[in-house]
Amino acid sequence: MADDKKQATWGGRFLEGPSDLMHRIGESVSFDHRLASFDIQGSKAHASMLAHVGIITSEERDAIKDGLDSILSQVQSGDFIWDPELEDVHMNIEHALTQKVPAAAKLHTARSRNDQVATDMRLWFKYACDEIHTSLNVVMSYLVNLADKTQTVVIPGYTHLQRAQPVSMAHHLLAYVEMLDRDRTLFSSVKEEANICPLGSGAIAGTTLSIDREFVAIELGFVNEKGEAKITENSMDAVSDRDCFIQFASACTSVGIHLSRLSEDFILWSSSEFSFVKLPDSFTTGSSLMPQKKNPDVFELIRGKSARLIGNLQTLLTLLKGLPLTYNRDLQEDKPPVFDSFDQTLLILDCASACLPDIKVNLERCAEAVDDPALLATDLVDYLVKKAVPFREAHHVVGALVSLSEESKTPLSELSYTDVSKIHMALGEDWSQVFDLEKALSSRELKGMPGPKQVADRIVYWRKLLT
Ligand code: ARG
């Protein structure tokens with residue numbers, strides 16, 4: 001049986017301490033210790049507020065703050081000993097502070113672990129969103145660099161994994177920059193959502209003490225652009241709201257899915273069947289049996305990690321869905337999935353950043369893949385449309401030409417004009433001028449299209465935005 005003095009924070013009415021099994025299932029310090037610096041930041045601000053309203057003296061405040069600073073140094077140097085019997089990060093820190101500073105016994109005035117943990121996590125989300133934002137910027141910059149180098153590399157664009165129409169590799173890569181930019185927006189909105197201070201909500205119903213919620217919110221940086229305090233409006237919502245957790249995990253899932261699709265493209269592109277790119281040796285592995293193998297492990301693992309991110313979001317949704325108001329202990333299980341999503345998202349972003357600069361493009365194979373006039377069949381339809389042939393009819397005509405090309409085993413562009421002209425009178429002698437890749441791309445210069453000027457402009461746009 002545990003030393004019940006350790007439950008000094010809530011042990012008053014208990015005759016015996018929790019069983020060993022209860023300690024094992026109940027402890028969260030093994031994962032919430034990573035909130036230490038945010039917990040200390042929150043406690044220092046709370047102590048300042050208590051002094052500001054006259055609940056503690058300025059000497060007590062200073063002693064509490066000094067004590068917390070020395071605990072933070074111990075935590076940062078790895079000297080702090082976390083005790084699972086003290087349940088969580090909050091009680092470990094408070095217990096350690098109590099050993100150093102008598103005034104520590106007043107620190108928890110007008111506060112509960114319920115509004116404390118909600119505050120810690122909101123501070124953590126603000127930090128975590130900034131970290132992911134920075135890593136997203138790096139991946140985006142490397143994608144833009146690779147796009148810059150591949151502006152003139154034409155490859156087939158695919159639908160249904162069938163060759164569809166030619167695009168520059170740059171345009172293909174920049175599609176991912178758009179996706180990751182949307183992810184940046186998601187994280188900005190999680191950060192915005194997190195920027196509201198729940199302190200003062202107490203366990204569920206606030207406090208009868210005259211505290212100053214605005215003061216502590218401003219101390220902790222929960223402010224709007226004018227520097228005014230942003231505080232929660234309903235104490236019951238504030239201690240049980242986990243929306244940020246779901247939004248954060250969902251934003252991580254979005255990054256995961258985007259990087260997973262990018263990975264799939266690189267896995268395909270690096271296969272012998274495509275061979276559009278060569279992946280760096282440092283991020284691929286060989287086979288223990290087949291000496292010729294070079295496996296795209298890093299991209300397969302990124303693709304695999306996205307499943308884990310989806311699982312974490314699922315865990316949070318399931319955890320929340322049946323909970324009555326307000327705090328229930330189930331909510332302690334909200335942190336492992338969120339921390340894991342953060343760690344794995346940073347890891348996959350870092351891996352993508354590390355690989356991208358060393359990806360080599362095989363120009364010959366790209367040129368071979370795009371050397372099929374049928375890829376410009378749609379441009380031939382447009383040629384007829386420009387000659388006033390209705391689109392449906394034009395589509396049919398080009399279909400007939402494609403079939404003729406297949407039957408006669410002649411590339412579409414090399415069919416004889418005599419044969420071609422029999423199919424439709426609008427097909428003039430200039431019909432085969434359509435089959436010019438460069439012209440095909442430079443005819444697509446409206447916003448968002450793969451025309452070389454559009455792509456170059458977008459590269460300039462991203463470079464400016466990302467520096
Ligand atoms: N470790 C707890 C958690 O993360 C802190 C809140 C505990 N509150 C309580 N009423 N037991 O959920």
# chains A, B, ... in the order shown; residues from 1 in each chain; ligands from 1
>>> closest_atom_pairs(of="chain A", to="ligand 1", cutoff="6 Å", atoms="only C-alpha atoms and all ligand atoms", output="tab-separated table")
residue	atom	partner	partner_atom_place_in_ligand_line	distance
A:Ser28	CA	ligand 1	1 (N)	5.7
A:Asp88	CA	ligand 1	1 (N)	5.0
A:Arg113	CA	ligand 1	6 (C)	4.7
A:Asn114	CA	ligand 1	6 (C)	4.9
A:Val117	CA	ligand 1	5 (C)	5.6
A:Arg329	CA	ligand 1	12 (O)	5.7
A:Leu331	CA	ligand 1	12 (O)	5.1
A:Gln332	CA	ligand 1	12 (O)	3.5
>>> residues_around(residues="Cys252 (chain A)", least_positions_apart="6", cutoff="12 Å", atoms="only C-alpha atoms", output="JSON, numbers by chain")
{"A": [128, 129, 132, 133, 136, 180, 182, 183, 184, 185, 186, 187, 190, 245, 246, 258, 259, 260, 305, 306, 307, 308, 309, 310, 311, 312, 313, 337, 338, 339, 340, 341, 342, 343, 344, 345, 346, 347, 348, 349]}
>>> residues_around(residues="His23 (chain A)", least_positions_apart="2", cutoff="10 Å", atoms="only C-alpha atoms", output="PDB file with N, CA and C atoms, in the first residue's frame")
ATOM      1  N   MET A   1       0.847  -1.205   0.000  1.00  0.00           N
ATOM      2  CA  MET A   1       0.000   0.000   0.000  1.00  0.00           C
ATOM      3  C   MET A   1       0.882   1.254   0.000  1.00  0.00           C
ATOM      4  N   ALA A   2       0.450   2.212  -0.723  1.00  0.00           N
ATOM      5  CA  ALA A   2       1.280   3.412  -0.882  1.00  0.00           C
ATOM      6  C   ALA A   2       1.230   4.311   0.343  1.00  0.00           C
ATOM      7  N   GLY A  17      -4.823   4.520   1.312  1.00  0.00           N
ATOM      8  CA  GLY A  17      -4.412   5.031  -0.001  1.00  0.00           C
ATOM      9  C   GLY A  17      -4.844   4.096  -1.112  1.00  0.00           C
ATOM     10  N   PRO A  18      -4.648   4.522  -2.349  1.00  0.00           N
ATOM     11  CA  PRO A  18      -5.029   3.696  -3.499  1.00  0.00           C
ATOM     12  C   PRO A  18      -4.197   2.420  -3.575  1.00  0.00           C
ATOM     13  N   SER A  19      -4.766   1.377  -4.163  1.00  0.00           N
ATOM     14  CA  SER A  19      -4.027   0.124  -4.313  1.00  0.00           C
ATOM     15  C   SER A  19      -2.970   0.300  -5.391  1.00  0.00           C
ATOM     16  N   ASP A  20      -2.047  -0.640  -5.463  1.00  0.00           N
ATOM     17  CA  ASP A  20      -0.983  -0.549  -6.469  1.00  0.00           C
ATOM     18  C   ASP A  20      -1.556  -0.528  -7.876  1.00  0.00           C
ATOM     19  N   LEU A  21      -2.606  -1.339  -8.065  1.00  0.00           N
ATOM     20  CA  LEU A  21      -3.219  -1.355  -9.402  1.00  0.00           C
ATOM     21  C   LEU A  21      -3.851  -0.015  -9.735  1.00  0.00           C
ATOM     22  N   ILE A  25      -3.118   2.211 -13.025  1.00  0.00           N
ATOM     23  CA  ILE A  25      -4.070   2.675 -14.047  1.00  0.00           C
ATOM     24  C   ILE A  25      -4.265   4.193 -13.946  1.00  0.00           C
ATOM     25  N   GLY A  26      -3.999   4.729 -12.771  1.00  0.00           N
ATOM     26  CA  GLY A  26      -4.327   6.141 -12.539  1.00  0.00           C
ATOM     27  C   GLY A  26      -3.231   7.128 -12.886  1.00  0.00           C
ATOM     28  N   GLU A  27      -1.986   6.622 -12.946  1.00  0.00           N
ATOM     29  CA  GLU A  27      -0.910   7.602 -13.150  1.00  0.00           C
ATOM     30  C   GLU A  27      -0.914   8.131 -14.580  1.00  0.00           C
ATOM     31  N   SER A  28      -0.585   9.396 -14.718  1.00  0.00           N
ATOM     32  CA  SER A  28      -0.436   9.949 -16.073  1.00  0.00           C
ATOM     33  C   SER A  28       0.907  10.642 -16.225  1.00  0.00           C
ATOM     34  N   PRO A  84       5.321   8.169  -9.953  1.00  0.00           N
ATOM     35  CA  PRO A  84       3.986   7.779 -10.447  1.00  0.00           C
ATOM     36  C   PRO A  84       2.934   7.747  -9.342  1.00  0.00           C
ATOM     37  N   GLU A  85       3.391   7.555  -8.090  1.00  0.00           N
ATOM     38  CA  GLU A  85       2.406   7.525  -6.999  1.00  0.00           C
ATOM     39  C   GLU A  85       1.774   8.896  -6.785  1.00  0.00           C
ATOM     40  N   LEU A  86       2.422   9.923  -7.306  1.00  0.00           N
ATOM     41  CA  LEU A  86       1.829  11.266  -7.214  1.00  0.00           C
ATOM     42  C   LEU A  86       0.973  11.581  -8.445  1.00  0.00           C
ATOM     43  N   GLU A  87       0.587  10.534  -9.108  1.00  0.00           N
ATOM     44  CA  GLU A  87      -0.343  10.592 -10.247  1.00  0.00           C
ATOM     45  C   GLU A  87       0.146  11.346 -11.476  1.00  0.00           C
TER      46      GLU A  87
END
>>> atom_distance(atom1="CA of Val434 (chain A)", atom2="CA of Phe276 (chain A)")
25.1 Å
>>> atom_distance(atom1="CA of Glu214 (chain A)", atom2="CA of Gly202 (chain A)")
14.8 Å
